[in-house]
file upload.json (JSON, C-alpha atoms)
[["chain", "number", "residue", "atom", "x", "y", "z"],
["A", 25, "MET", "CA", 14.98, 10.72, 6.86],
["A", 26, "LYS", "CA", 11.43, 11.81, 6.05],
["A", 27, "PHE", "CA", 8.63, 9.61, 4.80],
["A", 28, "THR", "CA", 5.07, 10.26, 3.71],
["A", 29, "LEU", "CA", 2.46, 8.07, 5.35],
["A", 30, "HIS", "CA", -1.11, 8.30, 4.05],
["A", 31, "ILE", "CA", -4.02, 7.83, 6.44],
["A", 32, "SER", "CA", -7.45, 7.48, 4.89],
["A", 33, "ASP", "CA", -9.57, 7.82, 7.99],
["A", 34, "THR", "CA", -10.84, 10.99, 9.56],
["A", 35, "ARG", "CA", -9.46, 11.77, 12.98],
["A", 36, "PRO", "CA", -12.00, 10.84, 15.67],
["A", 37, "ALA", "CA", -13.43, 13.36, 18.10],
["A", 38, "ASP", "CA", -11.45, 11.98, 21.03],
["A", 39, "ASP", "CA", -8.83, 9.34, 21.71],
["A", 40, "LYS", "CA", -11.36, 7.07, 23.40],
["A", 41, "ALA", "CA", -12.83, 6.29, 19.99],
["A", 42, "ALA", "CA", -9.58, 5.29, 18.32],
["A", 43, "THR", "CA", -5.83, 5.19, 18.88],
["A", 44, "LEU", "CA", -2.97, 5.45, 16.43],
["A", 45, "THR", "CA", 0.34, 3.69, 17.03],
["A", 46, "LEU", "CA", 3.40, 4.29, 14.87],
["A", 47, "ARG", "CA", 5.46, 1.13, 14.48],
["A", 48, "ILE", "CA", 9.00, 1.21, 13.15],
["A", 49, "VAL", "CA", 10.96, -1.99, 12.49],
["A", 50, "MET", "CA", 14.74, -1.78, 12.15],
["A", 51, "PHE", "CA", 17.52, -4.18, 11.32],
["A", 52, "GLU", "CA", 20.78, -4.25, 13.29],
["A", 53, "ALA", "CA", 19.61, -1.77, 15.88],
["A", 54, "ALA", "CA", 19.67, -2.37, 19.62],
["A", 55, "ALA", "CA", 17.06, -1.51, 22.21],
["A", 56, "GLU", "CA", 19.42, 0.85, 24.03],
["A", 57, "GLU", "CA", 19.95, 3.00, 20.98],
["A", 58, "THR", "CA", 17.85, 6.12, 20.67],
["A", 59, "PHE", "CA", 16.04, 7.59, 17.73],
["A", 60, "GLU", "CA", 14.15, 10.83, 17.41],
["A", 61, "ILE", "CA", 10.79, 10.13, 15.83],
["A", 62, "ARG", "CA", 8.54, 12.98, 14.74],
["A", 63, "PHE", "CA", 5.01, 12.70, 13.39],
["A", 64, "ASN", "CA", 4.03, 15.87, 11.55],
["A", 65, "GLY", "CA", 6.63, 17.60, 13.69],
["A", 66, "THR", "CA", 5.44, 16.23, 17.03],
["A", 67, "VAL", "CA", 8.16, 14.30, 18.87],
["A", 68, "LEU", "CA", 6.91, 10.83, 19.85],
["A", 69, "SER", "CA", 7.90, 8.74, 22.86],
["A", 70, "VAL", "CA", 8.48, 5.00, 22.67],
["A", 71, "SER", "CA", 5.56, 3.09, 24.19],
["A", 72, "ALA", "CA", 6.80, -0.45, 23.53],
["A", 73, "THR", "CA", 10.06, -2.05, 22.46],
["A", 74, "ASP", "CA", 10.80, -5.54, 21.18],
["A", 75, "ALA", "CA", 14.43, -6.26, 20.40],
["A", 76, "GLU", "CA", 13.60, -9.85, 19.38],
["A", 77, "TRP", "CA", 10.98, -9.00, 16.76],
["A", 78, "LYS", "CA", 10.80, -11.36, 13.80],
["A", 79, "ASP", "CA", 9.29, -10.91, 10.38],
["A", 80, "SER", "CA", 9.49, -13.65, 7.78],
["A", 81, "GLN", "CA", 9.27, -11.16, 4.93],
["A", 82, "ILE", "CA", 12.28, -9.12, 6.03],
["A", 83, "PHE", "CA", 15.44, -10.69, 4.64],
["A", 84, "SER", "CA", 18.26, -8.43, 5.84],
["A", 85, "PRO", "CA", 21.20, -8.79, 5.71],
["A", 86, "ALA", "CA", 20.44, -10.86, 2.62],
["A", 87, "LYS", "CA", 19.13, -9.12, -0.46],
["A", 88, "GLN", "CA", 15.42, -8.84, -1.04],
["A", 89, "PRO", "CA", 14.47, -11.80, -3.26],
["A", 90, "ALA", "CA", 12.57, -11.36, -6.49],
["A", 91, "SER", "CA", 8.84, -10.93, -6.01],
["A", 92, "GLY", "CA", 6.44, -13.80, -6.54],
["A", 93, "GLY", "CA", 7.27, -17.42, -5.88],
["A", 94, "LYS", "CA", 5.41, -19.88, -3.69],
["A", 95, "GLY", "CA", 4.74, -17.40, -0.94],
["A", 96, "ILE", "CA", 6.21, -19.63, 1.75],
["A", 97, "TYR", "CA", 8.30, -17.50, 4.07],
["A", 98, "LYS", "CA", 10.34, -18.93, 6.92],
["A", 99, "THR", "CA", 11.73, -16.76, 9.64],
["A", 100, "HIS", "CA", 15.44, -17.11, 10.27],
["A", 101, "PRO", "CA", 15.74, -18.40, 13.85],
["A", 102, "LYS", "CA", 18.56, -15.95, 14.61],
["A", 103, "GLN", "CA", 16.75, -12.97, 13.20],
["A", 104, "LYS", "CA", 16.64, -10.04, 15.62],
["A", 105, "LEU", "CA", 14.78, -6.97, 14.55],
["A", 106, "LEU", "CA", 14.11, -3.95, 16.70],
["A", 107, "ARG", "CA", 10.46, -2.99, 16.88],
["A", 108, "LEU", "CA", 9.61, 0.42, 18.32],
["A", 109, "ASP", "CA", 6.00, 1.42, 18.96],
["A", 110, "HIS", "CA", 4.96, 5.01, 19.61],
["A", 111, "ASP", "CA", 1.56, 6.34, 20.61],
["A", 112, "VAL", "CA", 0.60, 9.15, 18.27],
["A", 113, "PRO", "CA", -1.34, 11.95, 20.01],
["A", 114, "LEU", "CA", -4.74, 12.61, 18.52],
["A", 115, "ASP", "CA", -3.87, 16.14, 17.50],
["A", 116, "ALA", "CA", -0.68, 15.05, 15.75],
["A", 117, "TRP", "CA", -2.23, 13.12, 12.87],
["A", 118, "LYS", "CA", -4.66, 13.94, 10.12],
["A", 119, "SER", "CA", -6.47, 12.35, 7.24],
["A", 120, "GLY", "CA", -4.33, 12.39, 4.12],
["A", 121, "PRO", "CA", -0.53, 12.60, 3.88],
["A", 122, "ASN", "CA", 1.39, 12.69, 7.17],
["A", 123, "GLU", "CA", 5.13, 13.20, 7.58],
["A", 124, "VAL", "CA", 7.20, 10.71, 9.58],
["A", 125, "ALA", "CA", 10.73, 11.89, 10.37],
["A", 126, "ILE", "CA", 13.34, 9.53, 11.81],
["A", 127, "ARG", "CA", 16.73, 10.64, 13.08],
["A", 128, "VAL", "CA", 19.45, 8.64, 14.77],
["A", 129, "ALA", "CA", 19.97, 10.26, 18.18],
["A", 130, "SER", "CA", 22.56, 7.94, 19.71],
["A", 131, "ASP", "CA", 26.21, 7.32, 18.82],
["A", 132, "ARG", "CA", 25.31, 5.02, 15.97],
["A", 133, "THR", "CA", 25.65, 6.73, 12.62],
["A", 134, "VAL", "CA", 23.38, 4.58, 10.50],
["A", 135, "ALA", "CA", 20.36, 2.30, 10.97],
["A", 136, "GLN", "CA", 18.45, 0.14, 8.54],
["A", 137, "ILE", "CA", 14.73, 0.94, 8.55],
["A", 138, "GLU", "CA", 12.67, -2.01, 7.35],
["A", 139, "LYS", "CA", 9.05, -1.05, 7.94],
["A", 140, "ILE", "CA", 7.04, 1.99, 8.97],
["A", 141, "GLU", "CA", 3.41, 1.39, 9.86],
["A", 142, "ALA", "CA", 0.61, 3.31, 11.55],
["A", 143, "HIS", "CA", -1.85, 1.04, 13.35],
["A", 144, "LEU", "CA", -5.29, 2.59, 13.73],
["A", 145, "LYS", "CA", -7.42, 0.81, 16.30],
["A", 146, "TYR", "CA", -11.02, 1.66, 17.01],
["A", 147, "ALA", "CA", -12.47, 1.11, 20.43],
["A", 148, "GLN", "CA", -14.94, -1.40, 19.01],
["A", 149, "GLY", "CA", -12.52, -2.80, 16.40],
["A", 150, "GLU", "CA", -11.76, -6.45, 15.84],
["A", 151, "LYS", "CA", -8.57, -8.08, 16.99],
["A", 152, "GLU", "CA", -5.78, -8.10, 14.45],
["A", 153, "THR", "CA", -5.67, -11.22, 12.34],
["A", 154, "SER", "CA", -2.52, -13.25, 12.06],
["A", 155, "ASN", "CA", -0.36, -12.61, 9.03],
["A", 156, "GLN", "CA", 3.02, -13.28, 7.61],
["A", 157, "SER", "CA", 4.32, -9.75, 7.64],
["A", 158, "GLY", "CA", 4.72, -9.54, 11.39],
["A", 159, "GLU", "CA", 4.46, -12.53, 13.67],
["A", 160, "LYS", "CA", 2.81, -12.07, 16.98],
["B", 22, "MET", "CA", 8.28, 6.93, -28.37],
["B", 23, "ARG", "CA", 5.36, 8.60, -26.55],
["B", 24, "GLU", "CA", 3.81, 9.89, -29.75],
["B", 25, "HIS", "CA", 3.84, 6.36, -31.19],
["B", 26, "VAL", "CA", 2.04, 4.97, -28.15],
["B", 27, "THR", "CA", -0.45, 7.82, -28.33],
["B", 28, "GLU", "CA", -0.98, 7.07, -32.01],
["B", 29, "PHE", "CA", -1.58, 3.41, -31.15],
["B", 30, "MET", "CA", -4.15, 4.44, -28.53],
["B", 31, "HIS", "CA", -5.79, 6.65, -31.15],
["B", 32, "MET", "CA", -6.03, 3.70, -33.55],
["B", 33, "VAL", "CA", -7.56, 1.46, -30.90],
["B", 34, "ARG", "CA", -9.98, 4.18, -29.82],
["B", 35, "THR", "CA", -11.10, 4.79, -33.39],
["B", 36, "MET", "CA", -11.66, 1.06, -33.91],
["B", 37, "LEU", "CA", -13.69, 0.75, -30.71],
["B", 38, "LEU", "CA", -15.82, 3.77, -31.59],
["B", 39, "GLU", "CA", -16.65, 2.09, -34.89],
["B", 40, "VAL", "CA", -17.59, -1.14, -33.11],
["B", 41, "ALA", "CA", -19.64, 0.83, -30.58],
["B", 42, "GLN", "CA", -21.55, 2.48, -33.38],
["B", 43, "GLN", "CA", -22.23, -0.89, -35.03],
["B", 44, "ARG", "CA", -23.62, -2.44, -31.85],
["B", 45, "SER", "CA", -25.31, 0.73, -30.63],
["B", 46, "ARG", "CA", -23.74, 0.75, -27.21],
["B", 47, "PRO", "CA", -20.48, 2.09, -25.79],
["B", 48, "PHE", "CA", -17.25, 0.12, -25.95],
["B", 49, "LEU", "CA", -15.02, 1.59, -23.26],
["B", 50, "LEU", "CA", -11.24, 1.49, -23.38],
["B", 51, "ALA", "CA", -9.10, 0.79, -20.31],
["B", 52, "ALA", "CA", -5.31, 0.84, -20.09],
["B", 53, "ARG", "CA", -3.00, -0.44, -17.41],
["B", 54, "VAL", "CA", -0.18, 1.97, -16.61],
["B", 55, "PRO", "CA", 2.41, 2.64, -13.87],
["B", 56, "GLN", "CA", 1.33, 4.11, -10.52],
["B", 57, "THR", "CA", 2.95, 7.53, -10.91],
["B", 58, "VAL", "CA", 2.91, 10.26, -13.52],
["B", 59, "GLU", "CA", 6.70, 10.08, -13.73],
["B", 60, "GLY", "CA", 6.56, 6.31, -14.27],
["B", 61, "CYS", "CA", 4.03, 6.69, -17.04],
["B", 62, "ARG", "CA", 6.12, 9.32, -18.76],
["B", 63, "ALA", "CA", 9.27, 7.18, -18.50],
["B", 64, "ASP", "CA", 7.45, 4.20, -19.97],
["B", 65, "GLY", "CA", 6.14, 6.23, -22.89],
["B", 66, "PHE", "CA", 2.55, 6.85, -21.80],
["B", 67, "ASP", "CA", 1.53, 10.48, -22.35],
["B", 68, "LEU", "CA", -1.50, 10.56, -20.06],
["B", 69, "GLN", "CA", -2.16, 14.23, -20.65],
["B", 70, "ALA", "CA", -2.38, 13.70, -24.41],
["B", 71, "TRP", "CA", -4.62, 10.68, -23.89],
["B", 72, "ALA", "CA", -6.98, 12.71, -21.72],
["B", 73, "GLU", "CA", -6.97, 15.78, -23.95],
["B", 74, "GLN", "CA", -7.76, 13.62, -26.99],
["B", 75, "GLN", "CA", -10.28, 11.50, -25.03],
["B", 76, "LEU", "CA", -8.44, 8.30, -25.93],
["B", 77, "VAL", "CA", -9.12, 6.34, -22.75],
["B", 78, "ASP", "CA", -11.99, 5.83, -20.29],
["B", 79, "VAL", "CA", -10.33, 3.90, -17.48],
["B", 80, "LEU", "CA", -6.76, 3.78, -16.17],
["B", 81, "THR", "CA", -5.64, 0.87, -13.99],
["B", 82, "LEU", "CA", -2.78, 2.27, -11.92],
["B", 83, "GLY", "CA", 0.21, 0.28, -10.78],
["B", 84, "SER", "CA", 0.45, -3.22, -9.42],
["B", 85, "ARG", "CA", 3.69, -3.84, -7.53],
["B", 86, "SER", "CA", 3.38, -1.01, -5.02],
["B", 87, "MET", "CA", 0.60, -0.20, -2.59],
["B", 88, "ASP", "CA", 1.52, 3.49, -2.82],
["B", 89, "VAL", "CA", -0.33, 4.81, -5.87],
["B", 90, "ASP", "CA", -0.23, 8.49, -6.83],
["B", 91, "VAL", "CA", -3.93, 8.82, -7.56],
["B", 92, "GLU", "CA", -3.89, 12.58, -6.92],
["B", 93, "GLY", "CA", -1.01, 13.13, -9.34],
["B", 94, "VAL", "CA", -2.63, 11.18, -12.14],
["B", 95, "ARG", "CA", -6.00, 12.84, -11.46],
["B", 96, "ALA", "CA", -4.39, 16.25, -11.81],
["B", 97, "ILE", "CA", -3.15, 15.25, -15.26],
["B", 98, "VAL", "CA", -6.21, 13.46, -16.68],
["B", 99, "GLY", "CA", -9.10, 15.27, -14.94],
["B", 100, "ASP", "CA", -12.38, 13.79, -13.81],
["B", 101, "ASP", "CA", -13.52, 12.22, -17.07],
["B", 102, "VAL", "CA", -11.12, 9.28, -16.78],
["B", 103, "GLN", "CA", -11.91, 6.62, -14.17],
["B", 104, "LEU", "CA", -8.92, 5.73, -11.99],
["B", 105, "GLN", "CA", -8.61, 2.28, -10.41],
["B", 106, "PRO", "CA", -5.43, 1.47, -8.44],
["B", 107, "CYS", "CA", -4.33, -2.16, -8.57],
["B", 108, "PHE", "CA", -3.00, -4.42, -5.80],
["B", 109, "ASP", "CA", -1.05, -7.50, -6.92],
["B", 110, "ASP", "CA", -0.71, -10.02, -4.09],
["B", 111, "HIS", "CA", 1.74, -12.27, -5.94],
["B", 112, "HIS", "CA", 4.20, -9.54, -6.85],
["B", 113, "ALA", "CA", 3.25, -7.56, -3.77],
["B", 114, "THR", "CA", 4.95, -4.62, -2.13],
["B", 115, "ASP", "CA", 8.10, -6.03, -0.49],
["B", 116, "GLY", "CA", 7.29, -7.28, 2.99],
["B", 117, "TYR", "CA", 3.53, -7.30, 2.55],
["B", 118, "ARG", "CA", 2.59, -10.40, 0.61],
["B", 119, "TYR", "CA", -0.50, -12.09, 2.09],
["B", 120, "ALA", "CA", -0.97, -9.03, 4.23],
["B", 121, "SER", "CA", -3.36, -8.91, 7.15],
["B", 122, "ILE", "CA", -6.89, -7.64, 6.62],
["B", 123, "GLU", "CA", -5.90, -4.50, 8.51],
["B", 124, "VAL", "CA", -3.13, -3.77, 5.99],
["B", 125, "LEU", "CA", -5.45, -4.48, 3.06],
["B", 126, "ARG", "CA", -8.07, -2.13, 4.49],
["B", 127, "GLY", "CA", -5.42, 0.55, 4.89],
["B", 128, "VAL", "CA", -4.23, 0.14, 1.30],
["B", 129, "PHE", "CA", -7.66, 0.23, -0.33],
["B", 130, "ALA", "CA", -9.13, 2.89, 1.97],
["B", 131, "ASN", "CA", -6.15, 5.08, 1.08],
["B", 132, "HIS", "CA", -6.81, 4.55, -2.63],
["B", 133, "PHE", "CA", -10.37, 5.81, -2.24],
["B", 134, "GLN", "CA", -9.33, 8.67, 0.03],
["B", 135, "ARG", "CA", -6.83, 9.76, -2.62],
["B", 136, "GLY", "CA", -9.52, 9.89, -5.29],
["B", 137, "ALA", "CA", -9.87, 6.45, -6.86],
["B", 138, "ASN", "CA", -13.16, 5.64, -8.58],
["B", 139, "SER", "CA", -12.77, 1.91, -7.99],
["B", 140, "VAL", "CA", -10.04, -0.62, -7.17],
["B", 141, "VAL", "CA", -8.55, -3.72, -8.75],
["B", 142, "THR", "CA", -7.16, -6.91, -7.27],
["B", 143, "PHE", "CA", -4.64, -8.90, -9.30],
["B", 144, "ASN", "CA", -3.23, -12.36, -8.63],
["B", 145, "TRP", "CA", -5.61, -12.95, -5.75],
["B", 146, "SER", "CA", -7.06, -16.35, -5.05],
["B", 147, "MET", "CA", -10.67, -16.50, -6.18],
["B", 148, "VAL", "CA", -11.62, -19.96, -4.93],
["B", 149, "MET", "CA", -12.46, -21.40, -1.54],
["B", 150, "PRO", "CA", -9.59, -23.24, 0.21],
["B", 151, "GLU", "CA", -11.32, -26.63, -0.15],
["B", 152, "LEU", "CA", -11.61, -26.25, -3.91],
["B", 153, "ALA", "CA", -8.01, -25.03, -4.24],
["B", 154, "LYS", "CA", -6.78, -28.10, -2.32],
["B", 155, "SER", "CA", -8.86, -30.46, -4.44],
["B", 156, "VAL", "CA", -7.19, -29.28, -7.65],
["B", 157, "GLY", "CA", -3.71, -28.88, -6.15],
["B", 158, "GLY", "CA", -3.93, -25.12, -6.37],
["B", 159, "GLU", "CA", -2.45, -22.50, -4.10],
["B", 160, "VAL", "CA", -4.49, -21.88, -0.99],
["B", 161, "ALA", "CA", -4.60, -18.18, -0.41],
["B", 162, "PRO", "CA", -5.09, -16.62, 3.00],
["B", 163, "LEU", "CA", -8.58, -16.13, 4.34],
["B", 164, "THR", "CA", -7.86, -12.41, 4.45],
["B", 165, "HIS", "CA", -8.57, -12.34, 0.72],
["B", 166, "GLN", "CA", -12.08, -13.64, 1.30],
["B", 167, "VAL", "CA", -12.71, -11.06, 3.98],
["B", 168, "ALA", "CA", -11.19, -8.32, 1.86],
["B", 169, "PHE", "CA", -13.44, -9.08, -1.11],
["B", 170, "GLN", "CA", -16.41, -8.26, 1.11],
["B", 171, "GLU", "CA", -14.98, -4.95, 2.28],
["B", 172, "ILE", "CA", -12.55, -3.26, -0.06],
["B", 173, "GLY", "CA", -14.91, -2.21, -2.85],
["B", 174, "ASP", "CA", -16.40, 0.68, -0.93],
["B", 175, "PRO", "CA", -15.00, 3.01, 1.75],
["B", 176, "ALA", "CA", -18.27, 2.59, 3.67],
["B", 177, "THR", "CA", -17.62, -1.11, 4.31],
["B", 178, "MET", "CA", -14.19, -0.27, 5.74],
["B", 179, "ALA", "CA", -15.32, 2.70, 7.84],
["B", 180, "GLY", "CA", -14.72, 2.41, 11.56],
["B", 181, "LYS", "CA", -12.63, -0.76, 11.20],
["B", 182, "ASP", "CA", -9.05, -1.24, 12.34],
["B", 183, "LYS", "CA", -6.45, -0.46, 9.68],
["B", 184, "VAL", "CA", -2.70, -0.49, 9.19],
["B", 185, "PHE", "CA", -1.17, 2.19, 6.96],
["B", 186, "ALA", "CA", 2.31, 1.37, 5.75],
["B", 187, "VAL", "CA", 5.04, 3.24, 3.95],
["B", 188, "ALA", "CA", 5.73, 1.30, 0.77],
["B", 189, "ALA", "CA", 9.37, 0.41, 0.29],
["B", 190, "ALA", "CA", 10.34, 1.97, 3.59],
["B", 191, "ALA", "CA", 13.51, -0.11, 3.69],
["B", 192, "THR", "CA", 16.32, 2.38, 3.67],
["B", 193, "GLU", "CA", 19.29, 3.47, 5.66],
["B", 194, "CYS", "CA", 18.72, 6.25, 8.17],
["B", 195, "ARG", "CA", 21.90, 8.21, 8.81],
["B", 196, "LYS", "CA", 22.76, 10.47, 11.67]]
call {"tool": "encode", "arguments": {"input": "upload.json", "output": "structure tokens"}}
result
Amino acid sequence: MKFTLHISDTRPADDKAATLTLRIVMFEAAAEETFEIRFNGTVLSVSATDAEWKDSQIFSPAKQPASGGKGIYKTHPKQKLLRLDHDVPLDAWKSGPNEVAIRVASDRTVAQIEKIEAHLKYAQGEKETSNQSGEK
Amino acid sequence: MREHVTEFMHMVRTMLLEVAQQRSRPFLLAARVPQTVEGCRADGFDLQAWAEQQLVDVLTLGSRSMDVDVEGVRAIVGDDVQLQPCFDDHHATDGYRYASIEVLRGVFANHFQRGANSVVTFNWSMVMPELAKSVGGEVAPLTHQVAFQEIGDPATMAGKDKVFAVAAAATECRK
């Protein structure tokens, strides 16, 4: 599967100024399963894994509810999402549209992708604020 | 259907030009439309005809998705129409309601990078938490207050941490 991920910022001169991490969240995938992740064709390695990741706004296996409502989201205590983080090399990303390609590399034949995010952190940036789309 | 909508826009434009002449100052016309050219066409909005006939000054693009095809719409309407993508935080992109400030920066910085002239927030809380509580209203996250000080200009988001997300990424990946 291929996805387009837009990045507004200009690539810094070196990776000491900023880092980019590609985060992929999956449902019903296990830590031991392998996926081939490419960013503009560059194969990425997993830098962090969390097989107990929770996100109150991911509802699988239930259907996505209608939008709106009170905005009160409760995480299902048994929810187990697989979060895979990948460091993106400086020369692999660019300002504008970037291509993220995900392929199942293990015996599994299908995986449910829930979220794809690129986290851009500047050396002098603030700490991430808490939110409801990905509990820390 | 598209020609009827275009005719309606023509009627409104003509009326506003008359009012503008009476009050001796411009009366601009803005329209809210889907976030893609294909969506506009399916809904009966012929953006190319609107631009060619100079029927609109501002287009507010989308609402439900943080992925807005600013470049595609710009290619159709040219530079004379102002484009302002919209972010609805009540009917938000699935999975991103009350998003972190880093996600909001990523969304709005992308809009500007893709050619937006300005941006629009919709269904955001406009009052301080204390006031919202006092009237029994919904207390929105503090990220909205921070965002209102940053998202109106790429310069105020420059050099700050951001999260860029694929809208509606939820899909099955097969081997």
call {"tool": "interface_residues", "arguments": {"input": "upload.json", "of": "chain A", "to": "chain B", "cutoff": "6 Å", "atoms": "all atoms listed in the file", "output": "list in words"}}
result
Met25, Leu29, Ser32, Gln81, Ser91, Gly92, Val128, Thr133, Val134, Ala135, Gln136, Ile137, Glu138, Lys139, Ile140, Glu141, Ala142, His143, Leu144, Lys145, Tyr146, Gly149, Asn155 and Ser157 of chain A
call {"tool": "residues_around", "arguments": {"input": "upload.json", "residues": "A:Lys26", "least_positions_apart": "5", "cutoff": "8 Å", "atoms": "only C-alpha atoms", "output": "list in words"}}
result
Glu123, Val124, Ala125 and Ile126 of chain A
call {"tool": "write_last_selection", "arguments": {"input": "upload.json", "atoms": "C-alpha atoms", "output": "short mmCIF file (atom, residue, chain, number, x, y, z; two decimals), in the frame of the given file"}}
result
data_model
loop_
_atom_site.label_atom_id
_atom_site.label_comp_id
_atom_site.auth_asym_id
_atom_site.auth_seq_id
_atom_site.Cartn_x
_atom_site.Cartn_y
_atom_site.Cartn_z
CA GLU A 123 5.13 13.20 7.58
CA VAL A 124 7.20 10.71 9.58
CA ALA A 125 10.73 11.89 10.37
CA ILE A 126 13.34 9.53 11.81
#
call {"tool": "atom_distance", "arguments": {"input": "upload.json", "atom1": "atom CA of A:Ser69", "atom2": "atom CA of A:Ser130"}}
result
15.0 Å
call {"tool": "residues_near_point", "arguments": {"input": "upload.json", "point": "(-4.0, 5.1, 19.9)", "cutoff": "10 Å", "atoms": "all atoms listed in the file", "output": "count of residues only"}}
result
19
call {"tool": "atom_distance", "arguments": {"input": "upload.json", "atom1": "atom CA of B:Val167", "atom2": "atom CA of B:Cys107"}}
result
17.5 Å
call {"tool": "atom_distance", "arguments": {"input": "upload.json", "atom1": "atom CA of B:Trp145", "atom2": "atom CA of B:Thr57"}}
result
22.8 Å
call {"tool": "axis_aligned_box", "arguments": {"input": "upload.json", "around": "stretch 66-83 of chain B", "padding_each_side": "6 Å", "output": "AutoDock Vina command-line options"}}
result
--center_x -4.7 --center_y 8.0 --center_z -18.9 --size_x 26.5 --size_y 27.5 --size_z 28.2
call {"tool": "closest_residue", "arguments": {"input": "upload.json", "among": "A:Gln103, A:Asn122, A:Thr66, A:Ser84", "to": "A:Ile31", "atoms": "all atoms listed in the file"}}
result
A:Asn122
call {"tool": "residues_around", "arguments": {"input": "upload.json", "residues": "stretch 49-56 of chain B", "least_positions_apart": "6", "cutoff": "8 Å", "atoms": "all atoms listed in the file", "output": "list in words"}}
result
Arg34, Leu37, Phe66, Leu76, Val77, Asp78, Val79, Leu80, Thr81, Leu82, Gly83, Ser84, Ser86, Asp88, Val89, Asp90, Val91 and Pro106 of chain B
call {"tool": "residues_around", "arguments": {"input": "upload.json", "residues": "A:Pro85", "least_positions_apart": "2", "cutoff": "9 Å", "atoms": "only C-alpha atoms", "output": "list of chain:residue names"}}
result
A:Phe51, A:Glu52, A:Ile82, A:Phe83, A:Lys87, A:Gln88
call {"tool": "residues_around", "arguments": {"input": "upload.json", "residues": "B:Gly99", "least_positions_apart": "4", "cutoff": "9 Å", "atoms": "only C-alpha atoms", "output": "list in words"}}
result
Ala72, Val94 and Arg95 of chain B
call {"tool": "residues_around", "arguments": {"input": "upload.json", "residues": "A:Arg35", "least_positions_apart": "2", "cutoff": "7 Å", "atoms": "all atoms listed in the file", "output": "ChimeraX atom specification"}}
result
/A:33,37,118-119
call {"tool": "residues_near_point", "arguments": {"input": "upload.json", "point": "(-0.4, 10.7, -28.9)", "cutoff": "8 Å", "atoms": "only C-alpha atoms", "output": "count of residues only"}}
result
12
call {"tool": "decode", "arguments": {"input": "upload.json", "residues": "stretch 69-81 of chain A", "atoms": "N, CA and C atoms", "output": "PDB file, in the first residue's frame"}}
result
ATOM      1  N   SER A  69      14.247   1.241   9.125  1.00  0.00           N
ATOM      2  CA  SER A  69      14.356   0.241  10.187  1.00  0.00           C
ATOM      3  C   SER A  69      13.516   0.693  11.380  1.00  0.00           C
ATOM      4  N   VAL A  70      12.990  -0.286  12.102  1.00  0.00           N
ATOM      5  CA  VAL A  70      12.183   0.030  13.283  1.00  0.00           C
ATOM      6  C   VAL A  70      13.104   0.522  14.400  1.00  0.00           C
ATOM      7  N   SER A  71      12.763   1.668  14.971  1.00  0.00           N
ATOM      8  CA  SER A  71      13.564   2.225  16.072  1.00  0.00           C
ATOM      9  C   SER A  71      12.890   2.023  17.416  1.00  0.00           C
ATOM     10  N   ALA A  72      11.589   1.833  17.422  1.00  0.00           N
ATOM     11  CA  ALA A  72      10.867   1.586  18.678  1.00  0.00           C
ATOM     12  C   ALA A  72       9.581   0.833  18.371  1.00  0.00           C
ATOM     13  N   THR A  73       9.239  -0.066  19.277  1.00  0.00           N
ATOM     14  CA  THR A  73       8.018  -0.868  19.126  1.00  0.00           C
ATOM     15  C   THR A  73       7.224  -0.829  20.414  1.00  0.00           C
ATOM     16  N   ASP A  74       5.911  -0.703  20.298  1.00  0.00           N
ATOM     17  CA  ASP A  74       5.040  -0.794  21.469  1.00  0.00           C
ATOM     18  C   ASP A  74       3.832  -1.635  21.071  1.00  0.00           C
ATOM     19  N   ALA A  75       3.791  -2.848  21.576  1.00  0.00           N
ATOM     20  CA  ALA A  75       2.697  -3.762  21.231  1.00  0.00           C
ATOM     21  C   ALA A  75       1.493  -3.580  22.158  1.00  0.00           C
ATOM     22  N   GLU A  76       1.576  -2.633  23.072  1.00  0.00           N
ATOM     23  CA  GLU A  76       0.480  -2.357  24.007  1.00  0.00           C
ATOM     24  C   GLU A  76      -0.045  -0.939  23.805  1.00  0.00           C
ATOM     25  N   TRP A  77       0.196  -0.363  22.675  1.00  0.00           N
ATOM     26  CA  TRP A  77      -0.188   1.023  22.410  1.00  0.00           C
ATOM     27  C   TRP A  77      -1.705   1.174  22.456  1.00  0.00           C
ATOM     28  N   LYS A  78      -2.147   2.270  23.020  1.00  0.00           N
ATOM     29  CA  LYS A  78      -3.592   2.530  23.115  1.00  0.00           C
ATOM     30  C   LYS A  78      -3.901   3.902  22.533  1.00  0.00           C
ATOM     31  N   ASP A  79      -5.059   3.987  21.930  1.00  0.00           N
ATOM     32  CA  ASP A  79      -5.504   5.244  21.330  1.00  0.00           C
ATOM     33  C   ASP A  79      -7.024   5.285  21.450  1.00  0.00           C
ATOM     34  N   SER A  80      -7.512   6.236  22.206  1.00  0.00           N
ATOM     35  CA  SER A  80      -8.956   6.276  22.486  1.00  0.00           C
ATOM     36  C   SER A  80      -9.788   6.631  21.261  1.00  0.00           C
ATOM     37  N   GLN A  81      -9.161   7.107  20.210  1.00  0.00           N
ATOM     38  CA  GLN A  81      -9.930   7.443  19.009  1.00  0.00           C
ATOM     39  C   GLN A  81      -9.758   6.414  17.887  1.00  0.00           C
TER      40      GLN A  81
END
